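Colleague: Once you've had a glance at the structure underneath, I'll fire off some questions.
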Amino acid sequence: MTSYDPSNIFAKILRGEIPSHKVYEDEHVVAILDIMPQQPGHTLVVPKLASRNLLDADPAVLGAAIVAVQRLARAVKAAFAADGVIINQFNESAAGQTVFHLHFHVIPRHDDIPMKHHARGFAPAEDLAAAAAKIRAALAAT
């Protein structure tokens, strides 16, 4: 397995070198909006402790991360009045991983609304800011 590269974009976001639309943070994870969302509200839950993906992550990191993923999934579903939520997590290039820092995708889904393809364009900053506000409000209501 290839080793962890601390120059990946999520490591840079965690260090504050790159801005993001943060919706949640605790001692274990940060949750940010995907700038190339497949649906409005597409959120990424990123553990703070460095690991390339699930395959090399500390089990304690995984435990804390999945608790945060559940909390964010509930908030995203409520914030966007979604019918369901997709949770994705990819491990290595062959499986579709493009950023090699462990992260989980939380994507709201609505019946009869097709999902966009990932990495096909950046969302406008104002749309991301509005989505982040909705998710933060949903988190505060729980």
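The way I read the labels, and the way they are meant: chains A, B, ... in the order of the structure tokens, residue 1 as the first residue of every chain, and ligand 1 as the first ligand shown, with later ones counted on from there.
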Applying 7 Å and only C-alpha atoms, which residues near Phe100 of chain A remain after dropping the ones on its own chain fewer than 5 positions away? List them as a ChimeraX atom specification.
Modeller: /A:8,52-53
Colleague: Among chain A, which residues carry a DSSP assignment of alpha helix (DSSP H), reported as a ChimeraX atom specification?
Modeller: /A:9-14,59-79,125-140
Colleague: Take atom CA of Leu139 of chain A and atom CA of Arg71 of chain A and report the distance between them in Å, one decimal.
Modeller: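 For atom CA of Leu139 of chain A relative to atom CA of Arg71 of chain A, the distance reads 8.0 Å.
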Colleague: Can you tell me, as a PyMOL selection string, what residues are no more than 12 Å from segment 106-111 of chain A when counting only C-alpha atoms, ignoring any on the same chain fewer than 5 positions away?
Modeller: chain A and resi 31-34+36-46+66+68-89+116+118+131+135
Colleague: Pick from A:Ala141, A:His28, A:Pro6, A:Asn91: nearest to Val61 of chain A, with only C-alpha atoms counted?
Modeller: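 Comparing A:Ala141, A:His28, A:Pro6, A:Asn91 against Val61 of chain A, the winner is A:His28.
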Colleague: For atom CA of Ser93 of chain A and atom CA of Ile18 of chain A, determine how far apart the two atoms are, in Å to one decimal place.
Modeller: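 Atom-to-atom, atom CA of Ser93 of chain A and atom CA of Ile18 of chain A are spaced 23.5 Å apart.
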